[in-house]
file model_14.cif (mmCIF, N, CA and C atoms)
data_protein
#
loop_
_atom_site.label_atom_id
_atom_site.label_comp_id
_atom_site.auth_asym_id
_atom_site.auth_seq_id
_atom_site.Cartn_x
_atom_site.Cartn_y
_atom_site.Cartn_z
N MET A 1 -73.49 87.68 15.71
CA MET A 1 -73.39 86.68 14.68
C MET A 1 -72.19 87.01 13.79
N SER A 2 -71.46 85.99 13.37
CA SER A 2 -70.29 86.22 12.52
C SER A 2 -70.42 85.39 11.25
N THR A 3 -69.72 85.83 10.22
CA THR A 3 -69.71 85.18 8.93
C THR A 3 -68.27 84.97 8.51
N THR A 4 -67.94 83.80 7.97
CA THR A 4 -66.60 83.54 7.48
C THR A 4 -66.47 84.07 6.06
N ILE A 5 -65.42 84.86 5.82
CA ILE A 5 -65.19 85.41 4.49
C ILE A 5 -63.72 85.34 4.13
N THR A 6 -63.46 85.40 2.84
CA THR A 6 -62.12 85.60 2.30
C THR A 6 -62.23 86.79 1.36
N THR A 7 -61.36 87.78 1.55
CA THR A 7 -61.43 88.97 0.72
C THR A 7 -60.03 89.45 0.38
N GLU A 8 -59.97 90.27 -0.67
CA GLU A 8 -58.70 90.83 -1.14
C GLU A 8 -58.81 92.35 -1.08
N GLY A 9 -57.78 93.00 -0.57
CA GLY A 9 -57.80 94.45 -0.49
C GLY A 9 -56.42 95.00 -0.19
N ASN A 10 -56.36 96.32 -0.05
CA ASN A 10 -55.09 97.01 0.21
C ASN A 10 -55.03 97.47 1.66
N LEU A 11 -53.86 97.33 2.27
CA LEU A 11 -53.65 97.83 3.62
C LEU A 11 -53.57 99.35 3.58
N THR A 12 -54.31 100.01 4.45
CA THR A 12 -54.32 101.47 4.46
C THR A 12 -53.28 102.05 5.41
N HIS A 13 -52.71 101.23 6.28
CA HIS A 13 -51.67 101.65 7.23
C HIS A 13 -50.70 100.50 7.42
N ASP A 14 -49.51 100.79 7.93
CA ASP A 14 -48.61 99.72 8.34
C ASP A 14 -49.27 98.95 9.48
N PRO A 15 -49.03 97.63 9.56
CA PRO A 15 -49.59 96.85 10.67
C PRO A 15 -49.11 97.40 12.01
N ASP A 16 -49.98 97.37 13.00
CA ASP A 16 -49.68 97.85 14.35
C ASP A 16 -49.69 96.65 15.29
N VAL A 17 -48.50 96.21 15.72
CA VAL A 17 -48.42 95.05 16.61
C VAL A 17 -48.16 95.53 18.04
N ARG A 18 -48.87 94.91 18.95
CA ARG A 18 -48.72 95.17 20.39
C ARG A 18 -48.74 93.83 21.10
N PHE A 19 -48.44 93.86 22.39
CA PHE A 19 -48.43 92.63 23.18
C PHE A 19 -49.32 92.81 24.39
N THR A 20 -50.11 91.79 24.70
CA THR A 20 -51.01 91.88 25.85
C THR A 20 -50.20 91.95 27.14
N LYS A 21 -50.70 92.67 28.12
CA LYS A 21 -49.99 92.82 29.39
C LYS A 21 -49.97 91.53 30.19
N LEU A 22 -51.07 90.82 30.19
CA LEU A 22 -51.19 89.64 31.03
C LEU A 22 -50.37 88.45 30.53
N THR A 23 -50.51 88.12 29.24
CA THR A 23 -49.85 86.92 28.71
C THR A 23 -48.68 87.23 27.78
N GLY A 24 -48.57 88.46 27.32
CA GLY A 24 -47.50 88.81 26.38
C GLY A 24 -47.77 88.35 24.97
N GLN A 25 -49.01 87.93 24.68
CA GLN A 25 -49.36 87.46 23.34
C GLN A 25 -49.43 88.63 22.37
N ALA A 26 -48.91 88.42 21.16
CA ALA A 26 -48.92 89.46 20.13
C ALA A 26 -50.32 89.62 19.56
N VAL A 27 -50.71 90.87 19.31
CA VAL A 27 -51.95 91.19 18.62
C VAL A 27 -51.62 92.26 17.59
N CYS A 28 -52.08 92.06 16.37
CA CYS A 28 -51.77 92.97 15.27
C CYS A 28 -53.08 93.52 14.70
N ASN A 29 -53.15 94.84 14.58
CA ASN A 29 -54.31 95.49 13.99
C ASN A 29 -53.97 95.98 12.59
N LEU A 30 -54.86 95.70 11.66
CA LEU A 30 -54.71 96.09 10.26
C LEU A 30 -55.98 96.81 9.82
N THR A 31 -55.84 97.70 8.84
CA THR A 31 -57.01 98.30 8.20
C THR A 31 -56.93 97.97 6.72
N LEU A 32 -58.01 97.41 6.19
CA LEU A 32 -58.06 96.91 4.82
C LEU A 32 -59.13 97.65 4.04
N ALA A 33 -58.78 98.16 2.85
CA ALA A 33 -59.75 98.79 1.95
C ALA A 33 -60.07 97.79 0.84
N VAL A 34 -61.35 97.44 0.71
CA VAL A 34 -61.78 96.45 -0.27
C VAL A 34 -62.73 97.12 -1.25
N SER A 35 -62.40 97.04 -2.54
CA SER A 35 -63.30 97.53 -3.59
C SER A 35 -63.09 96.67 -4.82
N SER A 36 -63.99 96.78 -5.76
CA SER A 36 -63.85 96.00 -6.99
C SER A 36 -64.09 96.91 -8.18
N ARG A 37 -63.69 96.43 -9.33
CA ARG A 37 -63.86 97.18 -10.58
C ARG A 37 -64.87 96.42 -11.42
N ARG A 38 -65.87 97.13 -11.89
CA ARG A 38 -66.93 96.51 -12.70
C ARG A 38 -67.18 97.34 -13.94
N LYS A 39 -67.78 96.69 -14.93
CA LYS A 39 -68.18 97.41 -16.15
C LYS A 39 -69.55 98.01 -15.93
N ASN A 40 -69.72 99.27 -16.32
CA ASN A 40 -71.04 99.88 -16.24
C ASN A 40 -71.80 99.60 -17.53
N MET A 41 -72.97 100.19 -17.67
CA MET A 41 -73.82 99.91 -18.84
C MET A 41 -73.19 100.41 -20.13
N ASP A 42 -72.28 101.40 -20.04
CA ASP A 42 -71.60 101.92 -21.24
C ASP A 42 -70.38 101.09 -21.61
N GLY A 43 -70.05 100.11 -20.80
CA GLY A 43 -68.89 99.27 -21.07
C GLY A 43 -67.61 99.80 -20.47
N ASP A 44 -67.69 100.90 -19.70
CA ASP A 44 -66.50 101.46 -19.05
C ASP A 44 -66.32 100.82 -17.68
N TYR A 45 -65.07 100.68 -17.27
CA TYR A 45 -64.78 100.16 -15.94
C TYR A 45 -64.90 101.27 -14.91
N VAL A 46 -65.57 100.96 -13.81
CA VAL A 46 -65.71 101.91 -12.70
C VAL A 46 -65.39 101.16 -11.40
N ASP A 47 -64.79 101.89 -10.46
CA ASP A 47 -64.50 101.31 -9.15
C ASP A 47 -65.70 101.46 -8.24
N THR A 48 -65.98 100.42 -7.49
CA THR A 48 -67.05 100.50 -6.50
C THR A 48 -66.53 101.28 -5.28
N PRO A 49 -67.40 101.87 -4.50
CA PRO A 49 -66.94 102.55 -3.29
C PRO A 49 -66.26 101.54 -2.36
N PRO A 50 -65.15 101.93 -1.72
CA PRO A 50 -64.44 100.97 -0.87
C PRO A 50 -65.19 100.69 0.44
N VAL A 51 -65.03 99.47 0.92
CA VAL A 51 -65.49 99.08 2.24
C VAL A 51 -64.23 98.92 3.08
N PHE A 52 -64.20 99.54 4.25
CA PHE A 52 -63.02 99.47 5.11
C PHE A 52 -63.28 98.48 6.24
N TYR A 53 -62.31 97.57 6.43
CA TYR A 53 -62.39 96.59 7.50
C TYR A 53 -61.25 96.84 8.48
N ASN A 54 -61.55 96.79 9.76
CA ASN A 54 -60.52 96.73 10.79
C ASN A 54 -60.30 95.25 11.05
N ALA A 55 -59.05 94.80 10.92
CA ALA A 55 -58.74 93.39 11.06
C ALA A 55 -57.79 93.19 12.24
N THR A 56 -57.97 92.08 12.93
CA THR A 56 -57.14 91.75 14.08
C THR A 56 -56.65 90.31 13.95
N CYS A 57 -55.35 90.11 14.15
CA CYS A 57 -54.81 88.75 14.20
C CYS A 57 -53.95 88.61 15.46
N TRP A 58 -53.77 87.38 15.88
CA TRP A 58 -53.14 87.09 17.17
C TRP A 58 -51.97 86.14 17.03
N GLY A 59 -51.08 86.14 18.04
CA GLY A 59 -50.00 85.17 18.14
C GLY A 59 -48.95 85.30 17.05
N ALA A 60 -48.46 84.16 16.59
CA ALA A 60 -47.41 84.14 15.57
C ALA A 60 -47.88 84.81 14.28
N LEU A 61 -49.15 84.63 13.93
CA LEU A 61 -49.69 85.29 12.73
C LEU A 61 -49.56 86.80 12.85
N ALA A 62 -49.82 87.34 14.02
CA ALA A 62 -49.70 88.79 14.25
C ALA A 62 -48.26 89.25 14.06
N GLU A 63 -47.32 88.51 14.62
CA GLU A 63 -45.91 88.88 14.49
C GLU A 63 -45.43 88.79 13.05
N HIS A 64 -45.84 87.73 12.34
CA HIS A 64 -45.44 87.55 10.95
C HIS A 64 -46.04 88.65 10.06
N ALA A 65 -47.30 89.01 10.30
CA ALA A 65 -47.94 90.06 9.51
C ALA A 65 -47.23 91.39 9.73
N ALA A 66 -46.91 91.72 10.98
CA ALA A 66 -46.24 92.98 11.28
C ALA A 66 -44.85 93.04 10.65
N GLU A 67 -44.18 91.90 10.61
CA GLU A 67 -42.84 91.84 10.04
C GLU A 67 -42.85 91.90 8.51
N SER A 68 -43.90 91.35 7.90
CA SER A 68 -43.91 91.15 6.45
C SER A 68 -44.66 92.21 5.66
N LEU A 69 -45.69 92.82 6.23
CA LEU A 69 -46.61 93.65 5.46
C LEU A 69 -46.38 95.14 5.69
N ARG A 70 -46.72 95.94 4.68
CA ARG A 70 -46.60 97.39 4.77
C ARG A 70 -47.82 98.05 4.13
N LYS A 71 -48.01 99.32 4.43
CA LYS A 71 -49.10 100.11 3.86
C LYS A 71 -49.08 99.99 2.33
N GLY A 72 -50.26 99.79 1.75
CA GLY A 72 -50.39 99.68 0.30
C GLY A 72 -50.29 98.27 -0.23
N ASP A 73 -49.81 97.32 0.58
CA ASP A 73 -49.70 95.94 0.12
C ASP A 73 -51.08 95.37 -0.16
N ARG A 74 -51.17 94.61 -1.25
CA ARG A 74 -52.40 93.91 -1.61
C ARG A 74 -52.38 92.55 -0.93
N VAL A 75 -53.38 92.26 -0.11
CA VAL A 75 -53.38 91.02 0.67
C VAL A 75 -54.71 90.29 0.52
N LEU A 76 -54.66 89.00 0.78
CA LEU A 76 -55.84 88.16 0.90
C LEU A 76 -56.00 87.84 2.38
N ILE A 77 -57.20 88.03 2.90
CA ILE A 77 -57.46 87.78 4.31
C ILE A 77 -58.64 86.82 4.42
N HIS A 78 -58.48 85.83 5.29
CA HIS A 78 -59.55 84.86 5.56
C HIS A 78 -59.84 84.92 7.06
N GLY A 79 -61.11 85.05 7.40
CA GLY A 79 -61.48 85.10 8.80
C GLY A 79 -62.97 85.27 8.98
N THR A 80 -63.34 85.59 10.20
CA THR A 80 -64.75 85.82 10.49
C THR A 80 -64.99 87.32 10.61
N THR A 81 -66.15 87.74 10.17
CA THR A 81 -66.49 89.16 10.20
C THR A 81 -67.71 89.39 11.08
N TYR A 82 -67.70 90.52 11.70
CA TYR A 82 -68.85 90.96 12.48
C TYR A 82 -68.85 92.47 12.50
N ASP A 83 -69.97 93.07 12.86
CA ASP A 83 -70.10 94.52 12.93
C ASP A 83 -70.14 94.97 14.38
N GLU A 84 -69.45 96.05 14.67
CA GLU A 84 -69.55 96.71 15.97
C GLU A 84 -70.26 98.03 15.75
N ASP A 85 -71.27 98.31 16.54
CA ASP A 85 -71.96 99.59 16.40
C ASP A 85 -71.90 100.35 17.71
N TRP A 86 -71.93 101.67 17.62
CA TRP A 86 -71.89 102.55 18.78
C TRP A 86 -72.54 103.87 18.42
N THR A 87 -72.79 104.69 19.40
CA THR A 87 -73.37 106.01 19.19
C THR A 87 -72.27 107.05 19.41
N ASP A 88 -72.07 107.92 18.42
CA ASP A 88 -71.03 108.94 18.55
C ASP A 88 -71.52 110.12 19.38
N ARG A 89 -70.70 111.14 19.53
CA ARG A 89 -71.01 112.29 20.39
C ARG A 89 -72.24 113.07 19.92
N GLU A 90 -72.50 113.03 18.62
CA GLU A 90 -73.66 113.73 18.06
C GLU A 90 -74.94 112.90 18.12
N GLY A 91 -74.85 111.68 18.64
CA GLY A 91 -76.02 110.82 18.74
C GLY A 91 -76.27 109.95 17.53
N ASN A 92 -75.34 109.95 16.57
CA ASN A 92 -75.49 109.13 15.37
C ASN A 92 -75.00 107.71 15.64
N THR A 93 -75.70 106.74 15.09
CA THR A 93 -75.26 105.35 15.20
C THR A 93 -74.19 105.10 14.15
N ARG A 94 -73.05 104.59 14.59
CA ARG A 94 -71.92 104.30 13.70
C ARG A 94 -71.71 102.79 13.69
N ILE A 95 -71.22 102.28 12.56
CA ILE A 95 -70.97 100.85 12.40
C ILE A 95 -69.55 100.65 11.89
N LYS A 96 -68.85 99.70 12.49
CA LYS A 96 -67.49 99.37 12.07
C LYS A 96 -67.47 97.90 11.68
N HIS A 97 -66.94 97.59 10.48
CA HIS A 97 -66.78 96.21 10.02
C HIS A 97 -65.47 95.68 10.59
N VAL A 98 -65.52 94.54 11.27
CA VAL A 98 -64.35 93.97 11.92
C VAL A 98 -64.10 92.56 11.38
N LEU A 99 -62.82 92.24 11.13
CA LEU A 99 -62.42 90.89 10.70
C LEU A 99 -61.52 90.29 11.77
N GLN A 100 -61.85 89.10 12.24
CA GLN A 100 -60.97 88.33 13.10
C GLN A 100 -60.19 87.40 12.18
N VAL A 101 -58.92 87.71 11.92
CA VAL A 101 -58.13 87.05 10.88
C VAL A 101 -57.65 85.68 11.33
N GLN A 102 -57.86 84.69 10.47
CA GLN A 102 -57.35 83.34 10.69
C GLN A 102 -56.19 83.03 9.77
N ALA A 103 -56.14 83.70 8.59
CA ALA A 103 -55.05 83.51 7.62
C ALA A 103 -54.91 84.78 6.80
N ILE A 104 -53.67 85.09 6.45
CA ILE A 104 -53.40 86.28 5.64
C ILE A 104 -52.23 85.97 4.72
N GLY A 105 -52.29 86.49 3.50
CA GLY A 105 -51.20 86.27 2.56
C GLY A 105 -51.15 87.37 1.52
N ALA A 106 -50.03 87.45 0.85
CA ALA A 106 -49.85 88.45 -0.21
C ALA A 106 -50.63 88.03 -1.45
N SER A 107 -51.26 88.99 -2.10
CA SER A 107 -51.92 88.72 -3.38
C SER A 107 -50.85 88.74 -4.47
N LEU A 108 -50.78 87.68 -5.24
CA LEU A 108 -49.77 87.59 -6.30
C LEU A 108 -50.28 88.14 -7.62
N ARG A 109 -51.43 88.78 -7.61
CA ARG A 109 -51.97 89.38 -8.83
C ARG A 109 -51.10 90.54 -9.31
N TYR A 110 -50.59 91.34 -8.37
CA TYR A 110 -49.84 92.54 -8.72
C TYR A 110 -48.42 92.56 -8.16
N ALA A 111 -47.98 91.47 -7.53
CA ALA A 111 -46.66 91.46 -6.91
C ALA A 111 -46.12 90.04 -6.87
N THR A 112 -44.85 89.92 -6.54
CA THR A 112 -44.23 88.61 -6.30
C THR A 112 -43.78 88.57 -4.85
N THR A 113 -43.51 87.37 -4.37
CA THR A 113 -43.06 87.24 -3.00
C THR A 113 -42.13 86.05 -2.88
N ARG A 114 -41.39 86.01 -1.80
CA ARG A 114 -40.52 84.88 -1.49
C ARG A 114 -40.92 84.40 -0.10
N ILE A 115 -41.20 83.11 0.01
CA ILE A 115 -41.65 82.54 1.27
C ILE A 115 -40.45 82.22 2.16
N THR A 116 -40.53 82.64 3.41
CA THR A 116 -39.53 82.30 4.42
C THR A 116 -40.27 81.63 5.56
N ARG A 117 -39.95 80.38 5.81
CA ARG A 117 -40.64 79.62 6.85
C ARG A 117 -40.02 79.93 8.22
N ALA A 118 -40.86 80.23 9.18
CA ALA A 118 -40.39 80.47 10.54
C ALA A 118 -40.07 79.14 11.18
N SER A 119 -38.94 79.06 11.86
CA SER A 119 -38.58 77.81 12.53
C SER A 119 -39.48 77.59 13.74
N LYS A 120 -39.66 76.37 14.11
CA LYS A 120 -40.55 76.04 15.22
C LYS A 120 -39.90 76.30 16.58
N THR A 121 -38.57 76.28 16.66
CA THR A 121 -37.89 76.45 17.94
C THR A 121 -37.86 77.91 18.39
N ASP A 122 -37.51 78.82 17.49
CA ASP A 122 -37.42 80.23 17.83
C ASP A 122 -37.88 81.04 16.63
N GLU A 123 -39.15 81.38 16.59
CA GLU A 123 -39.74 81.98 15.40
C GLU A 123 -39.12 83.31 15.02
N GLN A 124 -38.65 84.09 15.95
CA GLN A 124 -38.13 85.40 15.60
C GLN A 124 -36.63 85.38 15.33
N ALA A 125 -35.88 84.56 16.02
CA ALA A 125 -34.43 84.62 15.92
C ALA A 125 -33.90 83.89 14.69
N GLU A 126 -34.55 82.83 14.26
CA GLU A 126 -34.00 81.99 13.22
C GLU A 126 -35.03 81.78 12.11
N ARG A 127 -34.65 82.03 10.87
CA ARG A 127 -35.53 81.81 9.72
C ARG A 127 -34.89 80.79 8.80
N VAL A 128 -35.71 79.92 8.21
CA VAL A 128 -35.24 78.91 7.28
C VAL A 128 -35.76 79.27 5.90
N GLN A 129 -34.86 79.43 4.92
CA GLN A 129 -35.23 79.82 3.56
C GLN A 129 -35.68 78.58 2.79
N LEU A 130 -36.85 78.64 2.15
CA LEU A 130 -37.33 77.55 1.32
C LEU A 130 -36.57 77.54 0.01
N PRO A 131 -36.35 76.37 -0.61
CA PRO A 131 -35.63 76.31 -1.88
C PRO A 131 -36.45 76.93 -3.01
N GLU A 132 -35.73 77.36 -4.05
CA GLU A 132 -36.38 77.88 -5.26
C GLU A 132 -37.18 76.75 -5.91
N PRO A 133 -38.28 77.06 -6.63
CA PRO A 133 -39.09 76.00 -7.26
C PRO A 133 -38.28 75.09 -8.18
N ALA A 134 -37.27 75.61 -8.90
CA ALA A 134 -36.47 74.80 -9.80
C ALA A 134 -35.63 73.78 -9.04
N GLN A 135 -35.29 74.08 -7.76
CA GLN A 135 -34.47 73.18 -6.95
C GLN A 135 -35.28 72.02 -6.38
N LEU A 136 -36.60 72.12 -6.41
CA LEU A 136 -37.44 71.08 -5.85
C LEU A 136 -37.52 69.85 -6.73
N ALA A 137 -37.31 70.01 -8.04
CA ALA A 137 -37.46 68.90 -8.98
C ALA A 137 -36.32 67.92 -8.91
#
call {"tool": "encode", "arguments": {"input": "model_14.cif", "output": "structure tokens"}}
result
Amino acid sequence: MSTTITTEGNLTHDPDVRFTKLTGQAVCNLTLAVSSRRKNMDGDYVDTPPVFYNATCWGALAEHAAESLRKGDRVLIHGTTYDEDWTDREGNTRIKHVLQVQAIGASLRYATTRITRASKTDEQAERVQLPEPAQLA
């Protein structure tokens, strides 16, 4: 069973992009640390323990993520989540939270960004720069 979620967190590693042998389709693996800050009963802010998600995106999204994102970047991810469980060598049951990414973007809470639209004819070779907001008026 899967659940659709949107979450914000920090990348713990640089994106890892690979290509499938059969079709050559790009697949990008990301690890995301998600935690929040809340006030405790004394009125002090405390961080909640982080939840780590392994995220996977495919195709053009995978290539764009690998080209644009780096370790430590704060991102918003939208996709479906599910858990994978297995038994380790000691016989303990382990659980991994997995996100199948449908959309990813930079969080503008702590950073700024400039959008570069990928051209439809050749996504890697040619980039089209969007105009500045003041030029749109």
call {"tool": "closest_residue", "arguments": {"input": "model_14.cif", "among": "A:Ala33, A:Val27, A:Val51, A:Ala60", "to": "A:Asp73", "atoms": "only C-alpha atoms"}}
result
A:Ala33
call {"tool": "resolve_selection", "arguments": {"input": "model_14.cif", "expression": "the PyMOL selection byres ((chain A and resi 5-14) around 6)", "output": "list of chain:residue names"}}
result
A:Thr3, A:Thr4, A:Pro15, A:Asp16, A:Thr31, A:Leu32, A:Ala33, A:Val34, A:Ser35, A:Leu69, A:Arg70, A:Lys71, A:Gly72, A:Asp73, A:Arg74, A:Val75, A:Leu76, A:Ile77, A:His78, A:Gly79, A:Thr80, A:Thr81
call {"tool": "resolve_selection", "arguments": {"input": "model_14.cif", "expression": "the PyMOL selection byres ((chain A and resi 58) around 8)", "output": "number ranges by chain"}}
result
A: 25-29, 55-57, 59-64, 100-102
call {"tool": "select_by_dssp", "arguments": {"input": "model_14.cif", "residues": "stretch 29-137 of chain A", "states": "alpha helix (DSSP H)", "output": "ChimeraX atom specification"}}
result
/A:59-68,133-136
call {"tool": "decode", "arguments": {"input": "model_14.cif", "residues": "stretch 92-106 of chain A", "atoms": "N, CA, C and O atoms", "output": "mmCIF file, in the first residue's frame"}}
result
data_model
loop_
_atom_site.group_PDB
_atom_site.id
_atom_site.type_symbol
_atom_site.label_atom_id
_atom_site.label_comp_id
_atom_site.auth_asym_id
_atom_site.auth_seq_id
_atom_site.Cartn_x
_atom_site.Cartn_y
_atom_site.Cartn_z
ATOM 1 N N ASN A 92 17.189 -9.367 12.877
ATOM 2 C CA ASN A 92 16.312 -8.247 13.216
ATOM 3 C C ASN A 92 15.539 -7.786 11.984
ATOM 4 O O ASN A 92 16.079 -7.740 10.874
ATOM 5 N N THR A 93 14.286 -7.431 12.184
ATOM 6 C CA THR A 93 13.485 -6.883 11.099
ATOM 7 C C THR A 93 13.825 -5.407 10.955
ATOM 8 O O THR A 93 13.789 -4.648 11.918
ATOM 9 N N ARG A 94 14.176 -5.008 9.738
ATOM 10 C CA ARG A 94 14.532 -3.620 9.442
ATOM 11 C C ARG A 94 13.486 -3.055 8.488
ATOM 12 O O ARG A 94 12.909 -3.782 7.681
ATOM 13 N N ILE A 95 13.255 -1.744 8.592
ATOM 14 C CA ILE A 95 12.276 -1.070 7.746
ATOM 15 C C ILE A 95 12.932 0.143 7.105
ATOM 16 O O ILE A 95 13.627 0.905 7.773
ATOM 17 N N LYS A 96 12.690 0.314 5.818
ATOM 18 C CA LYS A 96 13.216 1.464 5.081
ATOM 19 C C LYS A 96 12.032 2.218 4.487
ATOM 20 O O LYS A 96 11.156 1.624 3.860
ATOM 21 N N HIS A 97 11.976 3.542 4.718
ATOM 22 C CA HIS A 97 10.944 4.394 4.130
ATOM 23 C C HIS A 97 11.400 4.791 2.725
ATOM 24 O O HIS A 97 12.496 5.308 2.554
ATOM 25 N N VAL A 98 10.561 4.557 1.734
ATOM 26 C CA VAL A 98 10.913 4.829 0.342
ATOM 27 C C VAL A 98 9.903 5.799 -0.265
ATOM 28 O O VAL A 98 8.705 5.670 -0.035
ATOM 29 N N LEU A 99 10.405 6.772 -1.044
ATOM 30 C CA LEU A 99 9.554 7.712 -1.772
ATOM 31 C C LEU A 99 9.760 7.515 -3.267
ATOM 32 O O LEU A 99 10.894 7.529 -3.743
ATOM 33 N N GLN A 100 8.679 7.318 -4.004
ATOM 34 C CA GLN A 100 8.725 7.315 -5.461
ATOM 35 C C GLN A 100 8.366 8.733 -5.882
ATOM 36 O O GLN A 100 7.210 9.147 -5.785
ATOM 37 N N VAL A 101 9.358 9.517 -6.304
ATOM 38 C CA VAL A 101 9.208 10.959 -6.518
ATOM 39 C C VAL A 101 8.484 11.254 -7.824
ATOM 40 O O VAL A 101 8.842 10.718 -8.871
ATOM 41 N N GLN A 102 7.484 12.126 -7.735
ATOM 42 C CA GLN A 102 6.769 12.609 -8.911
ATOM 43 C C GLN A 102 7.133 14.052 -9.217
ATOM 44 O O GLN A 102 7.070 14.487 -10.354
ATOM 45 N N ALA A 103 7.537 14.820 -8.182
ATOM 46 C CA ALA A 103 7.945 16.221 -8.357
ATOM 47 C C ALA A 103 8.927 16.582 -7.255
ATOM 48 O O ALA A 103 8.808 16.100 -6.124
ATOM 49 N N ILE A 104 9.891 17.422 -7.602
ATOM 50 C CA ILE A 104 10.891 17.858 -6.627
ATOM 51 C C ILE A 104 11.258 19.299 -6.941
ATOM 52 O O ILE A 104 11.294 19.698 -8.102
ATOM 53 N N GLY A 105 11.482 20.089 -5.898
ATOM 54 C CA GLY A 105 11.863 21.479 -6.100
ATOM 55 C C GLY A 105 12.631 22.011 -4.915
ATOM 56 O O GLY A 105 12.615 21.427 -3.826
ATOM 57 N N ALA A 106 13.300 23.112 -5.124
ATOM 58 C CA ALA A 106 14.070 23.757 -4.054
ATOM 59 C C ALA A 106 13.113 24.459 -3.098
ATOM 60 O O ALA A 106 12.140 25.079 -3.515
#
